[in-house]
>>> print(open('work-v1.txt').read())   # compact mmCIF, N, CA and C atoms
# COMPACT_ATOMS: atom_id res chain seq x y z
N MET P 7 -48.51 197.18 124.61
CA MET P 7 -47.79 195.93 124.47
C MET P 7 -48.38 194.91 125.45
N PRO P 8 -48.68 193.69 125.00
CA PRO P 8 -49.27 192.69 125.89
C PRO P 8 -48.33 192.32 127.04
N VAL P 9 -48.92 191.84 128.11
CA VAL P 9 -48.16 191.51 129.32
C VAL P 9 -47.13 190.41 129.04
N ALA P 10 -47.52 189.39 128.30
CA ALA P 10 -46.61 188.27 128.04
C ALA P 10 -45.40 188.73 127.24
N LEU P 11 -45.63 189.63 126.29
CA LEU P 11 -44.52 190.12 125.49
C LEU P 11 -43.56 190.92 126.35
N GLN P 12 -44.10 191.72 127.27
CA GLN P 12 -43.25 192.49 128.18
C GLN P 12 -42.43 191.56 129.05
N LEU P 13 -43.04 190.47 129.51
CA LEU P 13 -42.33 189.50 130.34
C LEU P 13 -41.15 188.91 129.60
N ALA P 14 -41.36 188.51 128.36
CA ALA P 14 -40.28 187.90 127.58
C ALA P 14 -39.19 188.92 127.24
N LEU P 15 -39.60 190.14 126.90
CA LEU P 15 -38.59 191.17 126.58
C LEU P 15 -37.75 191.51 127.80
N LYS P 16 -38.39 191.59 128.95
CA LYS P 16 -37.68 191.89 130.18
C LYS P 16 -36.72 190.76 130.53
N ALA P 17 -37.17 189.53 130.34
CA ALA P 17 -36.32 188.38 130.65
C ALA P 17 -35.13 188.30 129.70
N ARG P 18 -35.35 188.65 128.44
CA ARG P 18 -34.25 188.62 127.47
C ARG P 18 -33.23 189.72 127.75
N ALA P 19 -33.72 190.88 128.18
CA ALA P 19 -32.83 192.01 128.41
C ALA P 19 -32.00 191.84 129.67
N THR P 20 -32.49 191.06 130.62
CA THR P 20 -31.77 190.85 131.86
C THR P 20 -30.63 189.87 131.64
N VAL P 21 -29.44 190.28 132.03
CA VAL P 21 -28.28 189.39 131.93
C VAL P 21 -28.31 188.46 133.13
N SER P 22 -28.40 187.19 132.85
CA SER P 22 -28.50 186.21 133.93
C SER P 22 -27.39 185.18 133.78
N PRO P 23 -26.78 184.75 134.87
CA PRO P 23 -25.76 183.72 134.75
C PRO P 23 -26.35 182.36 134.39
N HIS P 24 -27.65 182.18 134.63
CA HIS P 24 -28.31 180.91 134.34
C HIS P 24 -29.61 181.18 133.57
N PRO P 25 -29.51 181.46 132.26
CA PRO P 25 -30.72 181.79 131.50
C PRO P 25 -31.69 180.61 131.36
N VAL P 26 -31.16 179.39 131.36
CA VAL P 26 -32.04 178.22 131.23
C VAL P 26 -32.89 178.06 132.48
N ALA P 27 -32.30 178.25 133.64
CA ALA P 27 -33.05 178.14 134.89
C ALA P 27 -34.10 179.25 134.96
N ARG P 28 -33.76 180.42 134.48
CA ARG P 28 -34.72 181.54 134.48
C ARG P 28 -35.90 181.23 133.57
N LEU P 29 -35.62 180.68 132.38
CA LEU P 29 -36.69 180.29 131.47
C LEU P 29 -37.57 179.22 132.10
N TYR P 30 -36.94 178.24 132.73
CA TYR P 30 -37.70 177.15 133.37
C TYR P 30 -38.63 177.72 134.45
N ARG P 31 -38.12 178.63 135.27
CA ARG P 31 -38.96 179.23 136.32
C ARG P 31 -40.11 180.02 135.72
N ASN P 32 -39.85 180.76 134.64
CA ASN P 32 -40.93 181.52 133.99
C ASN P 32 -42.00 180.60 133.42
N ILE P 33 -41.58 179.50 132.82
CA ILE P 33 -42.55 178.57 132.25
C ILE P 33 -43.37 177.92 133.36
N ILE P 34 -42.70 177.47 134.42
CA ILE P 34 -43.40 176.82 135.53
C ILE P 34 -44.40 177.79 136.17
N LYS P 35 -44.02 179.05 136.25
CA LYS P 35 -44.91 180.05 136.83
C LYS P 35 -46.17 180.26 135.99
N GLU P 36 -46.06 180.08 134.67
CA GLU P 36 -47.18 180.34 133.77
C GLU P 36 -48.03 179.09 133.46
N ILE P 37 -47.65 177.93 133.99
CA ILE P 37 -48.40 176.70 133.69
C ILE P 37 -49.88 176.81 134.06
N PRO P 38 -50.24 177.27 135.25
CA PRO P 38 -51.67 177.32 135.57
C PRO P 38 -52.46 178.20 134.60
N ARG P 39 -51.88 179.33 134.20
CA ARG P 39 -52.58 180.21 133.26
C ARG P 39 -52.76 179.55 131.90
N VAL P 40 -51.72 178.89 131.41
CA VAL P 40 -51.81 178.24 130.10
C VAL P 40 -52.83 177.10 130.13
N LEU P 41 -52.83 176.31 131.20
CA LEU P 41 -53.80 175.21 131.31
C LEU P 41 -55.22 175.74 131.37
N THR P 42 -55.41 176.90 132.00
CA THR P 42 -56.74 177.50 132.06
C THR P 42 -57.15 178.10 130.73
N ILE P 43 -56.24 178.80 130.08
CA ILE P 43 -56.55 179.45 128.79
C ILE P 43 -56.99 178.41 127.76
N TYR P 44 -56.26 177.31 127.69
CA TYR P 44 -56.53 176.31 126.66
C TYR P 44 -57.47 175.21 127.14
N ASP P 45 -57.96 175.30 128.37
CA ASP P 45 -58.90 174.34 128.93
C ASP P 45 -58.37 172.91 128.81
N ILE P 46 -57.17 172.71 129.30
CA ILE P 46 -56.52 171.40 129.24
C ILE P 46 -56.71 170.71 130.58
N ASP P 47 -57.30 169.52 130.54
CA ASP P 47 -57.54 168.74 131.76
C ASP P 47 -56.32 167.89 132.08
N LEU P 48 -55.29 168.54 132.51
CA LEU P 48 -54.05 167.89 132.87
C LEU P 48 -53.64 168.44 134.23
N PRO P 49 -53.34 167.57 135.19
CA PRO P 49 -52.91 168.09 136.49
C PRO P 49 -51.65 168.94 136.34
N GLU P 50 -51.56 169.96 137.15
CA GLU P 50 -50.41 170.85 137.08
C GLU P 50 -49.10 170.11 137.33
N LEU P 51 -49.13 169.15 138.22
CA LEU P 51 -47.94 168.36 138.52
C LEU P 51 -47.47 167.58 137.30
N GLN P 52 -48.42 167.00 136.57
CA GLN P 52 -48.08 166.26 135.35
C GLN P 52 -47.50 167.19 134.29
N ALA P 53 -48.07 168.38 134.15
CA ALA P 53 -47.55 169.35 133.17
C ALA P 53 -46.13 169.76 133.54
N ARG P 54 -45.87 169.96 134.83
CA ARG P 54 -44.51 170.29 135.26
C ARG P 54 -43.54 169.16 134.94
N LYS P 55 -43.99 167.93 135.14
CA LYS P 55 -43.14 166.78 134.86
C LYS P 55 -42.81 166.70 133.36
N GLU P 56 -43.80 166.97 132.52
CA GLU P 56 -43.56 166.93 131.07
C GLU P 56 -42.60 168.04 130.64
N ILE P 57 -42.74 169.21 131.24
CA ILE P 57 -41.84 170.32 130.89
C ILE P 57 -40.43 170.00 131.36
N ARG P 58 -40.32 169.42 132.54
CA ARG P 58 -38.99 169.04 133.03
C ARG P 58 -38.36 168.01 132.08
N SER P 59 -39.15 167.07 131.57
CA SER P 59 -38.60 166.07 130.65
C SER P 59 -38.13 166.72 129.35
N LYS P 60 -38.84 167.78 128.91
CA LYS P 60 -38.40 168.51 127.71
C LYS P 60 -37.05 169.19 127.98
N PHE P 61 -36.89 169.76 129.17
CA PHE P 61 -35.61 170.40 129.49
C PHE P 61 -34.51 169.35 129.62
N ASN P 62 -34.81 168.21 130.21
CA ASN P 62 -33.81 167.15 130.36
C ASN P 62 -33.39 166.57 129.02
N GLU P 63 -34.28 166.66 128.04
CA GLU P 63 -33.97 166.16 126.70
C GLU P 63 -32.76 166.89 126.11
N TYR P 64 -32.64 168.17 126.43
CA TYR P 64 -31.56 169.00 125.88
C TYR P 64 -30.48 169.31 126.91
N ALA P 65 -30.42 168.57 127.99
CA ALA P 65 -29.50 168.88 129.09
C ALA P 65 -28.03 168.69 128.71
N LYS P 66 -27.74 167.86 127.74
CA LYS P 66 -26.35 167.56 127.39
C LYS P 66 -25.73 168.56 126.42
N ILE P 67 -26.52 169.50 125.95
CA ILE P 67 -26.02 170.49 125.00
C ILE P 67 -25.17 171.52 125.75
N ARG P 68 -23.95 171.72 125.30
CA ARG P 68 -23.02 172.62 125.96
C ARG P 68 -22.62 173.82 125.11
N ASP P 69 -22.89 173.79 123.81
CA ASP P 69 -22.52 174.91 122.94
C ASP P 69 -23.35 176.14 123.31
N PRO P 70 -22.71 177.24 123.72
CA PRO P 70 -23.48 178.40 124.18
C PRO P 70 -24.40 179.00 123.12
N ARG P 71 -24.00 178.91 121.85
CA ARG P 71 -24.85 179.45 120.78
C ARG P 71 -26.14 178.65 120.67
N VAL P 72 -26.03 177.34 120.77
CA VAL P 72 -27.21 176.49 120.69
C VAL P 72 -28.09 176.68 121.92
N VAL P 73 -27.47 176.81 123.08
CA VAL P 73 -28.23 177.03 124.32
C VAL P 73 -29.00 178.35 124.22
N ASP P 74 -28.34 179.41 123.72
CA ASP P 74 -29.01 180.70 123.57
C ASP P 74 -30.18 180.59 122.59
N MET P 75 -29.97 179.84 121.50
CA MET P 75 -31.04 179.68 120.52
C MET P 75 -32.23 178.93 121.14
N LEU P 76 -31.96 177.89 121.93
CA LEU P 76 -33.03 177.13 122.56
C LEU P 76 -33.77 177.96 123.61
N VAL P 77 -33.04 178.80 124.33
CA VAL P 77 -33.68 179.68 125.32
C VAL P 77 -34.58 180.68 124.60
N GLU P 78 -34.10 181.26 123.51
CA GLU P 78 -34.94 182.19 122.73
C GLU P 78 -36.18 181.49 122.20
N LYS P 79 -36.01 180.27 121.71
CA LYS P 79 -37.16 179.52 121.21
C LYS P 79 -38.14 179.21 122.34
N GLY P 80 -37.62 178.93 123.52
CA GLY P 80 -38.48 178.69 124.67
C GLY P 80 -39.31 179.90 125.02
N TYR P 81 -38.67 181.08 125.01
CA TYR P 81 -39.42 182.31 125.27
C TYR P 81 -40.45 182.58 124.19
N MET P 82 -40.09 182.30 122.94
CA MET P 82 -41.06 182.50 121.86
C MET P 82 -42.24 181.55 122.02
N ASP P 83 -42.00 180.30 122.36
CA ASP P 83 -43.09 179.35 122.57
C ASP P 83 -43.97 179.77 123.74
N LEU P 84 -43.36 180.26 124.81
CA LEU P 84 -44.13 180.73 125.96
C LEU P 84 -45.00 181.93 125.57
N GLU P 85 -44.42 182.86 124.83
CA GLU P 85 -45.19 184.02 124.36
C GLU P 85 -46.36 183.59 123.50
N GLU P 86 -46.10 182.69 122.56
CA GLU P 86 -47.17 182.24 121.67
C GLU P 86 -48.29 181.56 122.45
N ALA P 87 -47.94 180.80 123.46
CA ALA P 87 -48.97 180.14 124.27
C ALA P 87 -49.77 181.17 125.06
N LEU P 88 -49.09 182.15 125.64
CA LEU P 88 -49.80 183.15 126.44
C LEU P 88 -50.65 184.09 125.59
N LEU P 89 -50.19 184.37 124.38
CA LEU P 89 -50.95 185.23 123.49
C LEU P 89 -51.98 184.46 122.66
N GLN P 90 -52.10 183.18 122.92
CA GLN P 90 -53.06 182.28 122.26
C GLN P 90 -52.83 182.18 120.76
N HIS P 91 -51.57 182.15 120.35
CA HIS P 91 -51.23 181.92 118.95
C HIS P 91 -50.99 180.44 118.68
N THR P 92 -50.91 179.65 119.72
CA THR P 92 -50.70 178.21 119.59
C THR P 92 -52.04 177.51 119.65
N GLN P 93 -52.21 176.48 118.85
CA GLN P 93 -53.45 175.72 118.90
C GLN P 93 -53.42 174.75 120.07
N ARG P 94 -54.60 174.43 120.56
CA ARG P 94 -54.74 173.54 121.72
C ARG P 94 -54.11 172.17 121.44
N SER P 95 -54.31 171.68 120.24
CA SER P 95 -53.79 170.35 119.90
C SER P 95 -52.26 170.33 119.93
N HIS P 96 -51.63 171.44 119.56
CA HIS P 96 -50.17 171.50 119.60
C HIS P 96 -49.66 171.45 121.04
N LEU P 97 -50.35 172.15 121.93
CA LEU P 97 -49.96 172.10 123.34
C LEU P 97 -50.17 170.71 123.92
N LEU P 98 -51.29 170.09 123.56
CA LEU P 98 -51.56 168.75 124.07
C LEU P 98 -50.49 167.77 123.60
N ARG P 99 -50.06 167.91 122.36
CA ARG P 99 -49.04 167.02 121.83
C ARG P 99 -47.71 167.21 122.55
N SER P 100 -47.39 168.45 122.88
CA SER P 100 -46.12 168.68 123.56
C SER P 100 -46.17 168.37 125.05
N LEU P 101 -47.38 168.35 125.63
CA LEU P 101 -47.51 168.07 127.06
C LEU P 101 -47.80 166.62 127.38
N SER P 102 -48.05 165.80 126.39
CA SER P 102 -48.34 164.40 126.71
C SER P 102 -47.47 163.48 125.87
N HIS P 103 -46.93 162.48 126.52
CA HIS P 103 -46.09 161.50 125.82
C HIS P 103 -46.90 160.27 125.45
N ASN P 104 -48.22 160.35 125.55
CA ASN P 104 -49.04 159.20 125.20
C ASN P 104 -49.11 158.99 123.70
N ILE P 105 -48.81 160.00 122.93
CA ILE P 105 -48.91 159.93 121.48
C ILE P 105 -47.51 159.76 120.91
N GLU P 106 -47.36 158.81 120.03
CA GLU P 106 -46.09 158.62 119.33
C GLU P 106 -46.02 159.67 118.23
N THR P 107 -45.09 160.61 118.34
CA THR P 107 -45.02 161.71 117.38
C THR P 107 -43.86 161.58 116.42
N LYS P 108 -42.99 160.62 116.62
CA LYS P 108 -41.81 160.53 115.78
C LYS P 108 -41.95 159.40 114.77
N GLY P 109 -41.69 159.74 113.54
CA GLY P 109 -41.67 158.73 112.50
C GLY P 109 -43.04 158.22 112.12
N SER P 110 -43.04 157.14 111.40
CA SER P 110 -44.30 156.58 110.93
C SER P 110 -44.90 155.59 111.92
N ASN P 111 -44.26 155.35 113.06
CA ASN P 111 -44.81 154.42 114.04
C ASN P 111 -46.14 154.89 114.60
N ARG P 112 -46.40 156.18 114.57
CA ARG P 112 -47.64 156.68 115.13
C ARG P 112 -48.84 156.27 114.29
N LYS P 113 -48.62 155.88 113.03
CA LYS P 113 -49.73 155.48 112.17
C LYS P 113 -49.85 153.98 112.01
N ARG P 114 -48.86 153.24 112.46
CA ARG P 114 -48.87 151.80 112.28
C ARG P 114 -49.78 151.12 113.29
N LEU P 115 -50.42 150.07 112.83
CA LEU P 115 -51.24 149.26 113.71
C LEU P 115 -50.42 148.05 114.15
N ASP P 116 -50.53 147.72 115.40
CA ASP P 116 -49.85 146.54 115.92
C ASP P 116 -50.66 145.30 115.60
N ALA P 117 -50.04 144.14 115.82
CA ALA P 117 -50.75 142.88 115.60
C ALA P 117 -51.90 142.71 116.57
N ASP P 118 -51.79 143.31 117.74
CA ASP P 118 -52.84 143.16 118.73
C ASP P 118 -53.77 144.38 118.80
N SER P 119 -53.85 145.18 117.73
CA SER P 119 -54.73 146.35 117.73
C SER P 119 -56.19 145.90 117.63
N THR P 120 -57.05 146.65 118.27
CA THR P 120 -58.47 146.29 118.30
C THR P 120 -59.16 146.74 117.03
N ILE P 121 -60.38 146.27 116.83
CA ILE P 121 -61.15 146.64 115.67
C ILE P 121 -61.49 148.14 115.71
N ASP P 122 -61.63 148.68 116.92
CA ASP P 122 -61.93 150.11 117.07
C ASP P 122 -60.74 150.96 116.59
N GLU P 123 -59.52 150.55 116.92
CA GLU P 123 -58.34 151.28 116.45
C GLU P 123 -58.24 151.21 114.94
N GLN P 124 -58.52 150.05 114.38
CA GLN P 124 -58.46 149.91 112.93
C GLN P 124 -59.51 150.79 112.26
N PHE P 125 -60.70 150.83 112.83
CA PHE P 125 -61.76 151.67 112.27
C PHE P 125 -61.40 153.15 112.38
N ALA P 126 -60.84 153.56 113.53
CA ALA P 126 -60.50 154.95 113.74
C ALA P 126 -59.42 155.43 112.77
N ARG P 127 -58.56 154.54 112.37
CA ARG P 127 -57.47 154.90 111.46
C ARG P 127 -57.83 154.70 110.00
N GLY P 128 -59.04 154.23 109.74
CA GLY P 128 -59.51 154.15 108.35
C GLY P 128 -59.14 152.86 107.64
N TYR P 129 -58.83 151.79 108.38
CA TYR P 129 -58.48 150.54 107.72
C TYR P 129 -59.68 149.64 107.62
>>> encode(input="work-v1.txt", output="structure tokens")
Amino acid sequence: MPVALQLALKARATVSPHPVARLYRNIIKEIPRVLTIYDIDLPELQARKEIRSKFNEYAKIRDPRVVDMLVEKGYMDLEEALLQHTQRSHLLRSLSHNIETKGSNRKRLDADSTIDEQFARGY
């Protein structure tokens, strides 16, 4: 059994009063390895900040069933990253807020877009 899978199984089996904090600590601990595996040129501090913003995005959720589901999904995402089942572009998208990923705004050109942006998007 791979090491990452054992880590996630052990974390799931352990009864913790704060499973979200435990998941956060596990993810923060694995950041350097993930950045090295996928050869991502992102400072570790910036990656931590992006992960914290992802956790803060769901901070208002209080339903224990939803929290458990999100924790399980977090462990699954961590496992997939460590086992290299995730593509590099997917990690880059989740670690950087420079790209507009919601809706059709990511494909729209602004009035002040340059000729290079228009060419890159095929217009």
>>> atom_distance(input="work-v1.txt", atom1="atom CA of P:Leu15", atom2="atom CA of P:Val77")
12.6 Å
>>> atom_distance(input="work-v1.txt", atom1="atom CA of P:Asp74", atom2="atom CA of P:Glu36")
20.8 Å
>>> atom_distance(input="work-v1.txt", atom1="atom CA of P:Val40", atom2="atom C of P:Lys66")
28.1 Å
>>> residues_around(input="work-v1.txt", residues="P:Arg18", least_positions_apart="6", cutoff="12 Å", atoms="only C-alpha atoms", output="VMD selection string")
chain P and resid 11 to 12 24 to 26 28 to 29 32 74 to 75 77 to 82
>>> closest_residue(input="work-v1.txt", among="P:Ile34, P:Asp118, P:Arg68, P:Gln90", to="P:Lys55", atoms="only C-alpha atoms")
P:Ile34
>>> residues_around(input="work-v1.txt", residues="P:Ile57", least_positions_apart="4", cutoff="9 Å", atoms="only C-alpha atoms", output="list in words")
Tyr30, Ile33, Ile34, Gln52, Ala53, Phe61, Asn62, Ser100 and Leu101 of chain P
>>> decode(input="work-v1.txt", residues="stretch 22-34 of chain P", atoms="all heavy atoms", output="PDB file, in the first residue's frame")
ATOM      1  N   SER P  22     -10.931  12.350  15.832  1.00  0.00           N
ATOM      2  CA  SER P  22     -10.341  13.624  16.237  1.00  0.00           C
ATOM      3  C   SER P  22     -11.454  14.614  16.542  1.00  0.00           C
ATOM      4  O   SER P  22     -12.455  14.675  15.816  1.00  0.00           O
ATOM      5  CB  SER P  22      -9.470  14.154  15.098  1.00  0.00           C
ATOM      6  OG  SER P  22      -9.025  15.449  15.387  1.00  0.00           O
ATOM      7  N   PRO P  23     -11.296  15.419  17.573  1.00  0.00           N
ATOM      8  CA  PRO P  23     -12.319  16.424  17.851  1.00  0.00           C
ATOM      9  C   PRO P  23     -12.325  17.545  16.811  1.00  0.00           C
ATOM     10  O   PRO P  23     -13.323  18.219  16.641  1.00  0.00           O
ATOM     11  CB  PRO P  23     -11.947  16.956  19.234  1.00  0.00           C
ATOM     12  CG  PRO P  23     -10.520  16.620  19.411  1.00  0.00           C
ATOM     13  CD  PRO P  23     -10.249  15.402  18.589  1.00  0.00           C
ATOM     14  N   HIS P  24     -11.209  17.699  16.089  1.00  0.00           N
ATOM     15  CA  HIS P  24     -11.099  18.750  15.078  1.00  0.00           C
ATOM     16  C   HIS P  24     -10.554  18.160  13.778  1.00  0.00           C
ATOM     17  O   HIS P  24      -9.371  18.335  13.448  1.00  0.00           O
ATOM     18  CB  HIS P  24     -10.176  19.869  15.561  1.00  0.00           C
ATOM     19  CG  HIS P  24     -10.588  20.441  16.880  1.00  0.00           C
ATOM     20  ND1 HIS P  24     -11.723  21.204  17.028  1.00  0.00           N
ATOM     21  CD2 HIS P  24     -10.026  20.347  18.105  1.00  0.00           C
ATOM     22  CE1 HIS P  24     -11.839  21.561  18.291  1.00  0.00           C
ATOM     23  NE2 HIS P  24     -10.815  21.052  18.980  1.00  0.00           N
ATOM     24  N   PRO P  25     -11.401  17.466  13.005  1.00  0.00           N
ATOM     25  CA  PRO P  25     -10.903  16.818  11.782  1.00  0.00           C
ATOM     26  C   PRO P  25     -10.453  17.814  10.717  1.00  0.00           C
ATOM     27  O   PRO P  25      -9.545  17.521   9.937  1.00  0.00           O
ATOM     28  CB  PRO P  25     -12.090  15.987  11.301  1.00  0.00           C
ATOM     29  CG  PRO P  25     -13.281  16.617  11.929  1.00  0.00           C
ATOM     30  CD  PRO P  25     -12.817  17.213  13.216  1.00  0.00           C
ATOM     31  N   VAL P  26     -11.054  19.002  10.688  1.00  0.00           N
ATOM     32  CA  VAL P  26     -10.666  19.997   9.689  1.00  0.00           C
ATOM     33  C   VAL P  26      -9.257  20.507   9.970  1.00  0.00           C
ATOM     34  O   VAL P  26      -8.435  20.631   9.053  1.00  0.00           O
ATOM     35  CB  VAL P  26     -11.686  21.161   9.649  1.00  0.00           C
ATOM     36  CG1 VAL P  26     -11.257  22.223   8.668  1.00  0.00           C
ATOM     37  CG2 VAL P  26     -13.071  20.643   9.297  1.00  0.00           C
ATOM     38  N   ALA P  27      -8.948  20.753  11.221  1.00  0.00           N
ATOM     39  CA  ALA P  27      -7.606  21.211  11.586  1.00  0.00           C
ATOM     40  C   ALA P  27      -6.579  20.123  11.286  1.00  0.00           C
ATOM     41  O   ALA P  27      -5.471  20.416  10.830  1.00  0.00           O
ATOM     42  CB  ALA P  27      -7.567  21.593  13.060  1.00  0.00           C
ATOM     43  N   ARG P  28      -6.949  18.883  11.518  1.00  0.00           N
ATOM     44  CA  ARG P  28      -6.036  17.768  11.228  1.00  0.00           C
ATOM     45  C   ARG P  28      -5.759  17.673   9.733  1.00  0.00           C
ATOM     46  O   ARG P  28      -4.615  17.475   9.318  1.00  0.00           O
ATOM     47  CB  ARG P  28      -6.642  16.479  11.760  1.00  0.00           C
ATOM     48  CG  ARG P  28      -5.766  15.288  11.618  1.00  0.00           C
ATOM     49  CD  ARG P  28      -6.489  14.067  12.213  1.00  0.00           C
ATOM     50  NE  ARG P  28      -5.574  12.999  12.406  1.00  0.00           N
ATOM     51  CZ  ARG P  28      -4.831  12.827  13.489  1.00  0.00           C
ATOM     52  NH1 ARG P  28      -4.909  13.682  14.476  1.00  0.00           N
ATOM     53  NH2 ARG P  28      -4.012  11.813  13.581  1.00  0.00           N
ATOM     54  N   LEU P  29      -6.812  17.813   8.913  1.00  0.00           N
ATOM     55  CA  LEU P  29      -6.637  17.807   7.461  1.00  0.00           C
ATOM     56  C   LEU P  29      -5.746  18.962   7.026  1.00  0.00           C
ATOM     57  O   LEU P  29      -4.840  18.786   6.217  1.00  0.00           O
ATOM     58  CB  LEU P  29      -7.996  17.891   6.757  1.00  0.00           C
ATOM     59  CG  LEU P  29      -7.964  18.121   5.246  1.00  0.00           C
ATOM     60  CD1 LEU P  29      -7.329  16.933   4.537  1.00  0.00           C
ATOM     61  CD2 LEU P  29      -9.358  18.387   4.723  1.00  0.00           C
ATOM     62  N   TYR P  30      -5.987  20.136   7.585  1.00  0.00           N
ATOM     63  CA  TYR P  30      -5.193  21.318   7.228  1.00  0.00           C
ATOM     64  C   TYR P  30      -3.715  21.078   7.553  1.00  0.00           C
ATOM     65  O   TYR P  30      -2.839  21.361   6.730  1.00  0.00           O
ATOM     66  CB  TYR P  30      -5.722  22.546   7.972  1.00  0.00           C
ATOM     67  CG  TYR P  30      -4.980  23.805   7.663  1.00  0.00           C
ATOM     68  CD1 TYR P  30      -5.182  24.474   6.466  1.00  0.00           C
ATOM     69  CD2 TYR P  30      -4.055  24.327   8.560  1.00  0.00           C
ATOM     70  CE1 TYR P  30      -4.495  25.632   6.167  1.00  0.00           C
ATOM     71  CE2 TYR P  30      -3.364  25.489   8.277  1.00  0.00           C
ATOM     72  CZ  TYR P  30      -3.589  26.133   7.079  1.00  0.00           C
ATOM     73  OH  TYR P  30      -2.895  27.268   6.782  1.00  0.00           O
ATOM     74  N   ARG P  31      -3.430  20.531   8.725  1.00  0.00           N
ATOM     75  CA  ARG P  31      -2.039  20.257   9.104  1.00  0.00           C
ATOM     76  C   ARG P  31      -1.407  19.230   8.168  1.00  0.00           C
ATOM     77  O   ARG P  31      -0.245  19.372   7.787  1.00  0.00           O
ATOM     78  CB  ARG P  31      -1.972  19.754  10.546  1.00  0.00           C
ATOM     79  CG  ARG P  31      -1.894  20.884  11.526  1.00  0.00           C
ATOM     80  CD  ARG P  31      -1.643  20.392  12.939  1.00  0.00           C
ATOM     81  NE  ARG P  31      -2.828  20.733  13.725  1.00  0.00           N
ATOM     82  CZ  ARG P  31      -3.631  19.875  14.312  1.00  0.00           C
ATOM     83  NH1 ARG P  31      -3.391  18.590  14.264  1.00  0.00           N
ATOM     84  NH2 ARG P  31      -4.685  20.282  14.969  1.00  0.00           N
ATOM     85  N   ASN P  32      -2.163  18.197   7.797  1.00  0.00           N
ATOM     86  CA  ASN P  32      -1.628  17.192   6.869  1.00  0.00           C
ATOM     87  C   ASN P  32      -1.322  17.795   5.506  1.00  0.00           C
ATOM     88  O   ASN P  32      -0.297  17.470   4.899  1.00  0.00           O
ATOM     89  CB  ASN P  32      -2.600  16.025   6.717  1.00  0.00           C
ATOM     90  CG  ASN P  32      -2.613  15.126   7.927  1.00  0.00           C
ATOM     91  OD1 ASN P  32      -1.636  15.045   8.663  1.00  0.00           O
ATOM     92  ND2 ASN P  32      -3.731  14.444   8.141  1.00  0.00           N
ATOM     93  N   ILE P  33      -2.195  18.654   5.025  1.00  0.00           N
ATOM     94  CA  ILE P  33      -1.969  19.279   3.720  1.00  0.00           C
ATOM     95  C   ILE P  33      -0.763  20.203   3.785  1.00  0.00           C
ATOM     96  O   ILE P  33       0.094  20.178   2.896  1.00  0.00           O
ATOM     97  CB  ILE P  33      -3.227  20.027   3.249  1.00  0.00           C
ATOM     98  CG1 ILE P  33      -4.331  19.029   2.900  1.00  0.00           C
ATOM     99  CG2 ILE P  33      -2.917  20.897   2.040  1.00  0.00           C
ATOM    100  CD1 ILE P  33      -5.656  19.654   2.571  1.00  0.00           C
ATOM    101  N   ILE P  34      -0.679  21.026   4.830  1.00  0.00           N
ATOM    102  CA  ILE P  34       0.445  21.955   4.967  1.00  0.00           C
ATOM    103  C   ILE P  34       1.764  21.186   5.060  1.00  0.00           C
ATOM    104  O   ILE P  34       2.784  21.605   4.507  1.00  0.00           O
ATOM    105  CB  ILE P  34       0.238  22.869   6.198  1.00  0.00           C
ATOM    106  CG1 ILE P  34      -0.949  23.789   5.985  1.00  0.00           C
ATOM    107  CG2 ILE P  34       1.484  23.666   6.519  1.00  0.00           C
ATOM    108  CD1 ILE P  34      -0.827  24.737   4.818  1.00  0.00           C
TER     109      ILE P  34
END
